[in-house]
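Pasting final-v5.tsv here (TSV, C-alpha atoms and all ligand atoms):
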```tsv
chain	number	residue	atom	x	y	z
A	1	MET	CA	108.89	321.73	-54.90
A	2	PRO	CA	105.66	323.64	-55.60
A	3	ALA	CA	105.76	327.43	-54.93
A	4	THR	CA	102.15	327.31	-53.73
A	5	THR	CA	101.65	325.08	-50.71
A	6	LEU	CA	99.13	322.25	-50.89
A	7	ASP	CA	97.14	323.90	-48.09
A	8	SER	CA	96.77	327.15	-50.00
A	9	LEU	CA	95.83	325.29	-53.20
A	10	LEU	CA	93.17	323.35	-51.30
A	11	GLN	CA	91.81	326.53	-49.75
A	12	GLN	CA	91.54	328.08	-53.21
A	13	VAL	CA	89.77	325.00	-54.56
A	14	GLU	CA	87.38	324.98	-51.61
A	15	ASP	CA	86.56	328.66	-52.16
A	16	CYS	CA	85.65	327.96	-55.81
A	17	ALA	CA	83.79	324.66	-55.34
A	18	LYS	CA	80.31	326.22	-55.26
A	19	ASN	CA	80.94	328.21	-58.43
A	20	VAL	CA	82.51	325.24	-60.17
A	21	ASP	CA	79.36	323.27	-59.37
A	22	LYS	CA	76.83	326.02	-60.01
A	23	ASP	CA	78.08	328.16	-62.82
A	24	ASP	CA	79.62	325.71	-65.23
A	25	HIS	CA	82.86	327.46	-64.28
A	26	ASN	CA	85.34	325.73	-66.56
A	27	LEU	CA	88.35	324.22	-64.80
A	28	ARG	CA	90.98	324.58	-67.53
A	29	ARG	CA	92.78	327.57	-65.98
A	30	VAL	CA	92.72	326.13	-62.46
A	31	LEU	CA	94.02	322.80	-63.74
A	32	LEU	CA	96.83	324.23	-65.85
A	33	GLU	CA	97.94	327.18	-63.73
A	34	ASP	CA	97.07	326.41	-60.12
A	35	ILE	CA	97.46	322.64	-60.07
A	36	VAL	CA	99.79	321.42	-62.85
A	37	GLY	CA	101.77	324.67	-63.20
A	38	GLN	CA	102.51	324.65	-59.47
A	39	GLY	CA	103.93	321.12	-59.62
A	40	PHE	CA	101.01	319.22	-58.08
A	41	THR	CA	100.93	316.51	-60.75
A	42	ALA	CA	104.64	315.71	-60.68
A	43	PHE	CA	104.64	312.83	-58.20
A	44	GLY	CA	105.31	309.21	-59.14
A	45	LEU	CA	106.52	309.92	-62.67
A	46	SER	CA	109.66	308.26	-64.04
A	47	ASP	CA	112.05	310.90	-62.65
A	48	SER	CA	110.04	311.98	-59.60
A	49	VAL	CA	111.62	311.87	-56.19
A	50	ALA	CA	108.22	311.71	-54.46
A	51	PRO	CA	106.25	308.49	-55.03
A	52	ILE	CA	102.77	307.95	-56.43
A	53	ALA	CA	101.49	307.89	-52.83
A	54	ALA	CA	102.21	311.64	-52.76
A	55	GLN	CA	100.12	312.07	-55.91
A	56	ALA	CA	97.30	310.10	-54.30
A	57	GLN	CA	97.45	312.48	-51.33
A	58	VAL	CA	97.09	315.54	-53.58
A	59	ILE	CA	94.15	314.04	-55.48
A	60	GLN	CA	92.47	312.95	-52.26
A	61	GLY	CA	92.91	316.46	-50.83
A	62	LEU	CA	91.38	318.02	-53.96
A	63	ALA	CA	88.39	315.64	-53.83
A	64	GLU	CA	87.71	316.65	-50.24
A	65	LYS	CA	87.04	320.12	-51.60
A	66	CYS	CA	85.75	319.55	-55.14
A	67	MET	CA	85.46	316.28	-57.05
A	68	SER	CA	85.49	318.05	-60.42
A	69	SER	CA	88.93	319.51	-59.65
A	70	ALA	CA	90.21	316.13	-58.46
A	71	PHE	CA	88.86	314.40	-61.54
A	72	VAL	CA	90.38	316.74	-64.13
A	73	THR	CA	93.68	316.48	-62.23
A	74	TRP	CA	93.49	312.68	-62.32
A	75	SER	CA	92.83	312.68	-66.07
A	76	HIS	CA	95.69	315.07	-66.82
A	77	ARG	CA	98.07	313.29	-64.46
A	78	MET	CA	97.39	309.84	-65.95
A	79	THR	CA	97.88	311.16	-69.49
A	80	THR	CA	101.20	312.67	-68.42
A	81	GLU	CA	102.29	309.31	-67.07
A	82	TYR	CA	101.30	307.45	-70.27
A	83	VAL	CA	103.46	309.83	-72.32
A	84	ASP	CA	106.24	309.74	-69.73
A	85	ARG	CA	106.43	305.93	-69.60
A	86	PHE	CA	105.36	304.93	-73.12
A	87	GLY	CA	105.83	307.94	-75.42
A	88	SER	CA	108.18	307.74	-78.41
A	89	GLU	CA	111.16	310.05	-78.26
A	90	ALA	CA	109.43	312.46	-80.64
A	91	LEU	CA	106.17	312.46	-78.68
A	92	ARG	CA	107.98	313.02	-75.41
A	93	ALA	CA	110.06	315.81	-76.93
A	94	ALA	CA	106.94	317.49	-78.32
A	95	HIS	CA	104.57	317.15	-75.36
A	96	LEU	CA	106.00	315.86	-72.08
A	97	ASP	CA	107.31	319.21	-70.85
A	98	GLU	CA	104.07	320.88	-71.96
A	99	LEU	CA	102.02	318.39	-69.96
A	100	ARG	CA	104.30	318.67	-66.95
A	101	SER	CA	104.44	322.45	-66.94
A	102	GLY	CA	100.74	323.08	-67.55
A	103	THR	CA	100.86	324.46	-71.08
A	104	ARG	CA	98.92	321.56	-72.56
A	105	VAL	CA	95.96	319.62	-71.19
A	106	GLY	CA	95.93	315.82	-71.17
A	107	SER	CA	92.88	313.57	-71.41
A	108	THR	CA	92.78	309.85	-70.70
A	109	ALA	CA	90.08	308.31	-72.87
A	110	LEU	CA	90.61	304.65	-72.15
A	111	ALA	CA	87.13	303.61	-70.93
A	112	THR	CA	86.45	301.85	-74.22
A	113	ALA	CA	89.77	300.01	-73.97
A	114	LEU	CA	88.90	298.84	-70.47
A	115	ALA	CA	85.43	297.66	-71.58
A	116	ASP	CA	87.10	295.83	-74.48
A	117	LYS	CA	89.64	294.21	-72.18
A	118	SER	CA	86.95	293.10	-69.73
A	119	GLY	CA	85.01	291.46	-72.55
A	120	LYS	CA	81.99	293.74	-72.21
A	121	GLU	CA	82.12	295.19	-75.71
A	122	LEU	CA	84.48	295.45	-78.67
A	123	LEU	CA	86.63	298.54	-78.91
A	124	PRO	CA	84.57	300.89	-81.11
A	125	ILE	CA	87.58	302.80	-82.47
A	126	THR	CA	89.37	301.17	-85.39
A	127	PHE	CA	92.67	301.74	-87.16
A	128	THR	CA	94.27	300.73	-90.43
A	129	GLU	CA	97.98	300.98	-91.06
A	130	ASP	CA	99.77	301.76	-94.29
A	131	ALA	CA	103.52	302.32	-94.54
A	132	GLY	CA	103.82	303.62	-90.98
A	133	THR	CA	100.77	305.89	-91.17
A	134	PHE	CA	97.61	305.08	-89.25
A	135	GLU	CA	94.03	306.02	-90.06
A	136	ILE	CA	91.62	306.16	-87.13
A	137	ASN	CA	87.82	306.00	-87.19
A	138	GLY	CA	85.18	305.67	-84.49
A	139	VAL	CA	83.68	307.34	-81.45
A	140	ILE	CA	84.80	307.73	-77.85
A	141	PRO	CA	81.42	308.19	-76.13
A	142	TRP	CA	82.83	309.93	-73.06
A	143	ALA	CA	86.03	311.73	-72.20
A	144	SER	CA	86.93	314.84	-70.18
A	145	ASN	CA	89.42	317.72	-70.40
A	146	LEU	CA	88.38	318.11	-74.05
A	147	TYR	CA	89.84	321.28	-75.59
A	148	GLU	CA	91.11	322.19	-79.05
A	149	ASP	CA	94.73	321.72	-77.92
A	150	THR	CA	94.23	318.65	-75.68
A	151	LEU	CA	96.47	315.61	-76.07
A	152	ALA	CA	94.16	312.59	-75.71
A	153	VAL	CA	95.20	308.99	-75.17
A	154	PHE	CA	92.93	306.20	-76.45
A	155	ALA	CA	93.14	302.68	-77.88
A	156	ALA	CA	92.05	301.46	-81.31
A	157	ARG	CA	91.51	298.05	-82.89
A	158	ASN	CA	92.52	296.69	-86.27
A	159	GLU	CA	89.45	294.92	-87.63
A	160	THR	CA	91.51	292.52	-89.74
A	161	THR	CA	94.25	291.50	-87.33
A	162	GLU	CA	92.35	292.29	-84.08
A	163	GLU	CA	95.53	294.01	-82.85
A	164	ARG	CA	95.02	296.78	-80.26
A	165	VAL	CA	97.22	299.87	-80.27
A	166	VAL	CA	97.34	302.78	-77.80
A	167	PHE	CA	97.67	306.21	-79.45
A	168	ALA	CA	98.12	309.80	-78.36
A	169	ALA	CA	96.59	312.48	-80.58
A	170	LEU	CA	95.94	316.21	-80.47
A	171	LEU	CA	92.24	316.96	-80.73
A	172	GLY	CA	92.52	320.12	-82.82
A	173	GLN	CA	93.46	318.44	-86.08
A	174	PRO	CA	91.55	317.34	-89.18
A	175	GLY	CA	89.64	314.12	-88.64
A	176	VAL	CA	88.67	314.88	-85.02
A	177	SER	CA	85.48	316.48	-83.77
A	178	VAL	CA	84.29	316.98	-80.21
A	179	LYS	CA	80.67	317.24	-79.10
A	180	PRO	CA	80.32	318.74	-75.63
A	181	ALA	CA	78.13	316.81	-73.20
A	182	GLY	CA	74.76	318.32	-72.36
A	183	GLU	CA	73.94	319.35	-68.81
A	184	LEU	CA	75.20	316.76	-66.31
A	185	LEU	CA	74.19	315.85	-62.79
A	186	ALA	CA	77.59	317.18	-61.65
A	187	LEU	CA	81.07	317.72	-63.13
A	188	ASN	CA	79.80	320.26	-65.66
A	189	ALA	CA	83.09	322.15	-65.39
A	190	THR	CA	85.19	319.23	-66.62
A	191	SER	CA	84.78	319.87	-70.36
A	192	SER	CA	83.42	316.38	-70.92
A	193	GLY	CA	81.86	315.11	-74.10
A	194	THR	CA	82.16	312.79	-77.09
A	195	VAL	CA	85.11	312.55	-79.46
A	196	LYS	CA	84.60	311.40	-83.05
A	197	PHE	CA	87.42	310.28	-85.34
A	198	GLU	CA	86.72	310.34	-89.07
A	199	GLY	CA	89.79	309.52	-91.10
A	200	LEU	CA	92.22	310.89	-88.51
A	201	ARG	CA	95.76	310.29	-89.78
A	202	LEU	CA	98.52	309.66	-87.27
A	203	ALA	CA	102.24	308.98	-87.63
A	204	ALA	CA	104.09	306.11	-85.97
A	205	ASN	CA	105.34	308.60	-83.36
A	206	ASN	CA	101.80	308.82	-82.02
A	207	VAL	CA	101.83	305.15	-81.02
A	208	LEU	CA	102.34	304.75	-77.29
A	209	THR	CA	102.42	300.98	-77.43
A	210	ARG	CA	101.33	297.94	-79.42
A	211	ASP	CA	101.48	295.87	-76.24
A	212	VAL	CA	98.15	296.83	-74.71
A	213	ASP	CA	98.30	294.11	-72.07
A	214	PHE	CA	101.62	295.39	-70.76
A	215	PHE	CA	100.36	298.99	-70.92
A	216	LEU	CA	97.18	298.21	-68.97
A	217	GLY	CA	99.10	295.89	-66.64
A	218	GLN	CA	101.41	298.73	-65.67
A	219	MET	CA	99.02	301.67	-65.80
A	220	ARG	CA	95.78	300.23	-64.42
A	221	PRO	CA	96.95	299.82	-60.81
A	222	ARG	CA	98.27	303.41	-60.84
A	223	PHE	CA	95.06	304.66	-62.45
A	224	LEU	CA	92.97	302.82	-59.82
A	225	VAL	CA	95.02	304.02	-56.87
A	226	LEU	CA	94.54	307.63	-57.94
A	227	GLN	CA	90.82	307.09	-58.58
A	228	SER	CA	90.42	305.43	-55.18
A	229	ALA	CA	92.09	308.52	-53.70
A	230	PHE	CA	89.38	310.78	-55.08
A	231	CYS	CA	86.66	308.43	-53.79
A	232	LEU	CA	88.21	308.53	-50.30
A	233	GLY	CA	88.61	312.32	-50.41
A	234	LEU	CA	84.89	312.68	-51.04
A	235	SER	CA	84.08	310.16	-48.29
A	236	LYS	CA	86.25	312.05	-45.82
A	237	ALA	CA	84.63	315.41	-46.59
A	238	SER	CA	81.16	313.94	-46.31
A	239	LEU	CA	81.92	312.21	-43.01
A	240	LYS	CA	83.29	315.49	-41.67
A	241	ALA	CA	80.01	317.21	-42.59
A	242	VAL	CA	78.04	314.40	-40.92
A	243	ASN	CA	80.05	314.72	-37.71
A	244	ALA	CA	79.66	318.51	-37.72
A	245	SER	CA	75.87	318.25	-37.93
A	246	SER	CA	73.67	318.29	-34.86
A	247	GLY	CA	71.69	315.20	-35.84
A	248	THR	CA	74.22	312.39	-35.52
A	249	LEU	CA	72.61	310.45	-32.66
A	250	PRO	CA	70.17	308.29	-34.69
A	251	PHE	CA	73.00	307.48	-37.08
A	252	ALA	CA	75.68	306.61	-34.54
A	253	ASP	CA	76.05	303.01	-35.73
A	254	ASP	CA	76.36	304.02	-39.38
A	255	ILE	CA	78.89	306.69	-38.51
A	256	SER	CA	81.11	304.34	-36.55
A	257	ARG	CA	80.93	301.80	-39.42
A	258	PHE	CA	81.87	304.53	-41.90
A	259	GLU	CA	84.78	305.63	-39.73
A	260	GLU	CA	86.12	302.09	-39.52
A	261	GLU	CA	85.70	301.47	-43.23
A	262	LEU	CA	87.32	304.77	-44.16
A	263	ALA	CA	90.33	303.96	-41.96
A	264	ARG	CA	90.56	300.45	-43.45
A	265	LEU	CA	90.42	301.72	-47.04
A	266	GLN	CA	92.89	304.51	-46.30
A	267	GLY	CA	95.32	301.88	-44.98
A	268	GLU	CA	94.73	299.73	-48.07
A	269	LEU	CA	95.32	302.71	-50.36
A	270	ASN	CA	98.62	303.46	-48.63
A	271	VAL	CA	99.79	299.85	-48.93
A	272	LEU	CA	98.79	299.53	-52.59
A	273	ALA	CA	100.28	302.91	-53.53
A	274	ASN	CA	103.56	301.88	-51.89
A	275	ASP	CA	103.52	298.62	-53.89
A	276	LEU	CA	103.71	300.78	-57.01
A	277	ASN	CA	106.99	302.44	-56.08
A	278	ALA	CA	108.78	299.80	-58.16
A	279	TYR	CA	108.37	300.40	-61.88
A	280	PRO	CA	107.77	298.45	-64.02
A	281	ALA	CA	105.68	296.47	-61.60
A	282	PRO	CA	106.73	292.83	-61.37
A	283	ALA	CA	104.96	290.15	-63.44
A	284	ASN	CA	103.60	292.46	-66.11
A	285	GLY	CA	101.60	294.54	-63.66
A	286	LEU	CA	100.35	293.63	-60.23
A	287	ALA	CA	97.19	291.52	-60.16
A	288	PRO	CA	94.47	294.17	-60.23
A	289	LEU	CA	92.02	292.38	-57.89
A	290	ALA	CA	93.05	294.28	-54.76
A	291	PHE	CA	93.04	297.57	-56.71
A	292	LEU	CA	89.60	296.87	-58.22
A	293	LYS	CA	88.19	295.96	-54.79
A	294	LEU	CA	89.61	299.12	-53.27
A	295	ARG	CA	88.13	301.30	-56.03
A	296	LEU	CA	84.69	299.68	-55.71
A	297	ALA	CA	84.62	299.80	-51.91
A	298	ALA	CA	85.80	303.42	-51.89
A	299	ALA	CA	83.04	304.45	-54.33
A	300	GLU	CA	80.40	302.55	-52.36
A	301	LEU	CA	81.55	304.19	-49.15
A	302	ALA	CA	81.32	307.68	-50.65
A	303	GLN	CA	77.77	306.97	-51.83
A	304	ALA	CA	76.71	305.52	-48.48
A	305	ILE	CA	78.12	308.43	-46.48
A	306	THR	CA	76.69	311.16	-48.72
A	307	ARG	CA	73.24	309.64	-48.32
A	308	ILE	CA	73.57	309.70	-44.54
A	309	GLU	CA	74.99	313.22	-44.81
A	310	LEU	CA	71.67	314.33	-46.29
A	311	ALA	CA	69.74	312.57	-43.54
A	312	THR	CA	71.80	314.16	-40.77
A	313	ILE	CA	71.91	317.65	-42.31
A	314	GLY	CA	68.20	317.59	-43.00
A	315	GLY	CA	66.21	319.68	-45.47
A	316	ARG	CA	68.84	322.35	-45.97
A	317	GLY	CA	71.02	319.69	-47.58
A	318	TYR	CA	68.36	319.29	-50.26
A	319	PHE	CA	68.94	322.75	-51.78
A	320	SER	CA	70.69	322.12	-55.09
A	321	SER	CA	73.32	324.73	-54.15
A	322	SER	CA	74.27	323.04	-50.85
A	323	ASP	CA	77.60	321.26	-50.37
A	324	THR	CA	75.62	318.17	-49.39
A	325	SER	CA	73.73	318.18	-52.69
A	326	ARG	CA	77.00	318.64	-54.58
A	327	ARG	CA	78.63	315.74	-52.77
A	328	ILE	CA	75.67	313.43	-53.40
A	329	ARG	CA	75.77	314.24	-57.12
A	330	GLU	CA	79.57	313.89	-57.19
A	331	SER	CA	79.36	310.51	-55.48
A	332	LEU	CA	76.96	309.18	-58.12
A	333	PHE	CA	79.56	309.92	-60.78
A	334	LEU	CA	81.75	307.23	-59.22
A	335	SER	CA	79.36	304.54	-60.52
A	336	VAL	CA	79.70	305.67	-64.15
A	337	GLN	CA	83.38	306.58	-64.25
A	338	ALA	CA	85.37	303.78	-65.86
A	339	PRO	CA	85.86	301.25	-64.55
A	340	THR	CA	82.13	301.63	-63.89
A	341	GLU	CA	80.36	299.97	-60.99
A	342	GLY	CA	79.01	297.29	-63.35
A	343	SER	CA	82.44	296.68	-64.76
A	344	LEU	CA	84.11	296.54	-61.33
A	345	ARG	CA	81.55	294.07	-60.01
A	346	TRP	CA	81.90	291.92	-63.10
A	347	GLU	CA	85.70	291.89	-63.13
A	348	ILE	CA	85.95	291.23	-59.40
A	349	SER	CA	83.53	288.29	-59.70
A	350	GLN	CA	85.61	286.85	-62.55
A	351	LEU	CA	88.97	287.27	-60.79
A	352	ALA	CA	87.72	286.08	-57.42
A	353	SER	CA	86.14	282.87	-58.76
B	401	LIG	C1	80.83	313.09	-66.90
B	401	LIG	C2	81.59	311.92	-67.41
B	401	LIG	C3	82.93	312.07	-67.71
B	401	LIG	C4	83.66	310.99	-68.19
B	401	LIG	N1	84.98	311.17	-68.45
B	401	LIG	C5	85.72	310.14	-68.90
B	401	LIG	C6	87.12	310.28	-69.16
B	401	LIG	O1	87.69	311.35	-68.99
B	401	LIG	N2	87.79	309.22	-69.63
B	401	LIG	C7	87.18	308.02	-69.84
B	401	LIG	O2	87.85	307.07	-70.27
B	401	LIG	N3	85.87	307.84	-69.61
B	401	LIG	C8	85.13	308.87	-69.15
B	401	LIG	N4	83.78	308.71	-68.91
B	401	LIG	C9	83.12	307.47	-69.35
B	401	LIG	C10	82.98	306.50	-68.31
B	401	LIG	O3	84.28	306.24	-67.95
B	401	LIG	C11	82.24	305.26	-68.78
B	401	LIG	O4	82.85	304.68	-69.85
B	401	LIG	C12	80.84	305.42	-69.19
B	401	LIG	O5	80.14	306.27	-68.32
B	401	LIG	C13	80.28	303.99	-69.18
B	401	LIG	O6	79.10	303.95	-69.85
B	401	LIG	P1	78.24	302.70	-70.05
B	401	LIG	O7	76.89	303.27	-70.24
B	401	LIG	O8	78.80	301.87	-71.13
B	401	LIG	O9	78.28	301.95	-68.64
B	401	LIG	P2	78.78	300.49	-68.27
B	401	LIG	O10	78.75	300.31	-66.81
B	401	LIG	O11	80.06	300.19	-68.93
B	401	LIG	O12	77.67	299.62	-68.93
B	401	LIG	C14	76.35	299.59	-68.47
B	401	LIG	C15	75.85	298.17	-68.37
B	401	LIG	O13	76.79	297.17	-68.71
B	401	LIG	C16	77.03	296.27	-67.62
B	401	LIG	N5	78.47	295.94	-67.63
B	401	LIG	C17	79.51	296.77	-67.40
B	401	LIG	N6	80.68	296.13	-67.55
B	401	LIG	C18	80.38	294.85	-67.86
B	401	LIG	C19	81.17	293.71	-68.16
B	401	LIG	N7	82.51	293.75	-68.14
B	401	LIG	N8	80.51	292.57	-68.48
B	401	LIG	C20	79.18	292.51	-68.50
B	401	LIG	N9	78.38	293.56	-68.23
B	401	LIG	C21	78.96	294.72	-67.92
B	401	LIG	C22	76.60	297.06	-66.41
B	401	LIG	O14	76.22	296.22	-65.35
B	401	LIG	C23	75.46	297.88	-66.95
B	401	LIG	O15	74.29	297.12	-67.00
B	401	LIG	C24	83.03	309.75	-68.40
B	401	LIG	C25	81.67	309.59	-68.10
B	401	LIG	C26	80.95	310.65	-67.60
B	401	LIG	C27	79.51	310.43	-67.28
```

Please express what this file holds, its structure, as structure tokens.
Amino acid sequence: MPATTLDSLLQQVEDCAKNVDKDDHNLRRVLLEDIVGQGFTAFGLSDSVAPIAAQAQVIQGLAEKCMSSAFVTWSHRMTTEYVDRFGSEALRAAHLDELRSGTRVGSTALATALADKSGKELLPITFTEDAGTFEINGVIPWASNLYEDTLAVFAARNETTEERVVFAALLGQPGVSVKPAGELLALNATSSGTVKFEGLRLAANNVLTRDVDFFLGQMRPRFLVLQSAFCLGLSKASLKAVNASSGTLPFADDISRFEEELARLQGELNVLANDLNAYPAPANGLAPLAFLKLRLAAAELAQAITRIELATIGGRGYFSSSDTSRRIRESLFLSVQAPTEGSLRWEISQLAS
């Protein structure tokens, strides 16, 4: 049970949100000490008493205050779960307690694996294997929580056999370089950037799985539920700001539509999160269609509400330092966070046909 209550954590995060947005105030300490160190990423893991629905609630609460904080928490939490569920004994012994206690940061860098799986583009990271040692080359164009001591999870492809393998690797070792992203529209505090592998050598213990389909089948619904939670957190905060403004009358129809949609998606999130209480999920992972639809609809809702938030707040919402401006910029991130809006639309059209 966390020593800090969720309410006091959320108050702290709210108090810092402006600085996090404005000052490129890096989130590493907050993530490790205030969030992970206080037990707020411990829900829904293999030995957790509380289910993943409780994790979704924490991430949603964080996103109501600050999307950057919710996002770094999501990335760390997912990495912890990959190691928890798929790590070799040696990898778990070396890093699971560190990830769970907040002494090491985790980064999920699977966007390229998802694009590969959806057929959009080939996995740009390759591996060769020789007597149980792997050599990795290639570039991960985007990942977050990138620090010298981060444990990052990514997939790589063997160009000869076309096999895909999921690896975990520390970033501060020979063969890895990180290029920080330039100035972003939002999320500057998330330590995002590009990771390049040039002759990175990894041992067999760094392999999480050679069964990528099973891995994605099990992890993707969990990943999407927690992402949908941050989309709904942002929607909720924005709708609250709309309702607190004095200019709601011309937007009454939009507001009632948003309220209905938010309630519908919240119900859907609760149902889908509860479906994930059983692990491993039946049939090699639940069909992701409902999870993909939820994630897309939740992102679209956040973007629709933040736009109306600006219209109801008026000109003062257009100051770059306003909460309204921050939420608009945060909401746009939801279109480029994997699975991206393009990828979601494509996959949904394929699965629904
Ligand atoms: C600040 C920031 C932080 C990030 N952090 C992380 C992170 O921590 N971890 C991580 O894994 N990723 C992260 N990402 C990367 C992100 O997840 C996406 O991979 C990346 O933004 C997608 O870039 P893209 O230009 O290829 O867009 P995409 O949407 O993938 O591609 C653009 C084009 O391709 C089309 N398209 C997309 N999918 C398909 C498809 N299946 N078939 C056909 N056409 C398609 C689209 O319609 C669009 O025209 C981050 C990105 C940003 C901006």

Per-residue nearest contacts of segment 185-205 of chain A to segment 64-74 of chain A (7 Å; only C-alpha atoms) as a Markdown table:
```
| residue | atom | partner | partner_atom | distance |
| --- | --- | --- | --- | --- |
| A:Leu187 | CA | A:Ser68 | CA | 5.2 |
| A:Ala189 | CA | A:Ser68 | CA | 6.9 |
| A:Thr190 | CA | A:Val72 | CA | 6.3 |
```

For Arg28 of chain A, which residue among A:Val105, A:Val83, A:Leu296, A:Ala237 is the nearest when counting only C-alpha atoms?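 Comparing A:Val105, A:Val83, A:Leu296, A:Ala237 against Arg28 of chain A, the winner is A:Val105.
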
Report as an NGL selection string which protein, DNA and RNA residues come within 8 Å of ligand LIG 401 (chain B), using all atoms listed in the file. :A and (72 or 75 or 107-112 or 115 or 118-121 or 141-145 or 181 or 184 or 186-188 or 190 or 192-193 or 333 or 335-347)

For Ile328 of chain A, which of A:Leu62, A:Ala304, A:His25, A:Arg92 is the closest residue, counting only C-alpha atoms?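 So, comparing all the options, the nearest one is A:Ala304.
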
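Atom CA of Gly106 of chain A to atom CA of Ala53 of chain A spans 20.7 Å [interatomic distance, one decimal].
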
Using only C-alpha atoms for the distances, tell me which of A:Gly61, A:Gly315, A:Gly267, A:Gly102 is nearest to Gln12 of chain A. A:Gly61

Can you work out the spacing between atom CA of Val58 of chain A and atom CA of Ser321 of chain A in Å, to one decimal? 25.5 Å

Please output segment 108-122 of chain A, rebuilt to include N, CA and C atoms, as a PDB file, keeping the file's coordinate frame.
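File out36.pdb, as written:
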```
ATOM      1  N   THR A 108      92.723 311.307 -70.559  1.00  0.00           N
ATOM      2  CA  THR A 108      92.780 309.850 -70.700  1.00  0.00           C
ATOM      3  C   THR A 108      91.401 309.375 -71.137  1.00  0.00           C
ATOM      4  N   ALA A 109      91.362 308.737 -72.286  1.00  0.00           N
ATOM      5  CA  ALA A 109      90.080 308.310 -72.870  1.00  0.00           C
ATOM      6  C   ALA A 109      90.132 306.809 -73.114  1.00  0.00           C
ATOM      7  N   LEU A 110      90.367 306.091 -72.034  1.00  0.00           N
ATOM      8  CA  LEU A 110      90.610 304.650 -72.150  1.00  0.00           C
ATOM      9  C   LEU A 110      89.428 303.788 -71.699  1.00  0.00           C
ATOM     10  N   ALA A 111      88.278 304.412 -71.408  1.00  0.00           N
ATOM     11  CA  ALA A 111      87.130 303.610 -70.930  1.00  0.00           C
ATOM     12  C   ALA A 111      86.777 302.517 -71.934  1.00  0.00           C
ATOM     13  N   THR A 112      86.815 302.853 -73.210  1.00  0.00           N
ATOM     14  CA  THR A 112      86.450 301.850 -74.220  1.00  0.00           C
ATOM     15  C   THR A 112      87.476 300.716 -74.259  1.00  0.00           C
ATOM     16  N   ALA A 113      88.727 301.049 -74.002  1.00  0.00           N
ATOM     17  CA  ALA A 113      89.770 300.010 -73.970  1.00  0.00           C
ATOM     18  C   ALA A 113      89.559 299.082 -72.778  1.00  0.00           C
ATOM     19  N   LEU A 114      89.140 299.665 -71.657  1.00  0.00           N
ATOM     20  CA  LEU A 114      88.900 298.840 -70.470  1.00  0.00           C
ATOM     21  C   LEU A 114      87.679 297.932 -70.684  1.00  0.00           C
ATOM     22  N   ALA A 115      86.630 298.479 -71.316  1.00  0.00           N
ATOM     23  CA  ALA A 115      85.430 297.660 -71.580  1.00  0.00           C
ATOM     24  C   ALA A 115      85.776 296.534 -72.561  1.00  0.00           C
ATOM     25  N   ASP A 116      86.647 296.839 -73.503  1.00  0.00           N
ATOM     26  CA  ASP A 116      87.100 295.830 -74.480  1.00  0.00           C
ATOM     27  C   ASP A 116      87.890 294.737 -73.774  1.00  0.00           C
ATOM     28  N   LYS A 117      88.782 295.166 -72.901  1.00  0.00           N
ATOM     29  CA  LYS A 117      89.640 294.210 -72.180  1.00  0.00           C
ATOM     30  C   LYS A 117      88.799 293.316 -71.259  1.00  0.00           C
ATOM     31  N   SER A 118      87.758 293.898 -70.664  1.00  0.00           N
ATOM     32  CA  SER A 118      86.950 293.100 -69.730  1.00  0.00           C
ATOM     33  C   SER A 118      85.971 292.183 -70.463  1.00  0.00           C
ATOM     34  N   GLY A 119      85.891 292.322 -71.775  1.00  0.00           N
ATOM     35  CA  GLY A 119      85.010 291.460 -72.550  1.00  0.00           C
ATOM     36  C   GLY A 119      83.601 291.986 -72.675  1.00  0.00           C
ATOM     37  N   LYS A 120      83.353 293.208 -72.171  1.00  0.00           N
ATOM     38  CA  LYS A 120      81.990 293.740 -72.210  1.00  0.00           C
ATOM     39  C   LYS A 120      81.579 294.089 -73.641  1.00  0.00           C
ATOM     40  N   GLU A 121      82.458 294.814 -74.331  1.00  0.00           N
ATOM     41  CA  GLU A 121      82.120 295.190 -75.710  1.00  0.00           C
ATOM     42  C   GLU A 121      83.400 295.444 -76.503  1.00  0.00           C
ATOM     43  N   LEU A 122      83.301 295.257 -77.829  1.00  0.00           N
ATOM     44  CA  LEU A 122      84.480 295.450 -78.670  1.00  0.00           C
ATOM     45  C   LEU A 122      84.856 296.922 -78.723  1.00  0.00           C
TER      46      LEU A 122
END
```
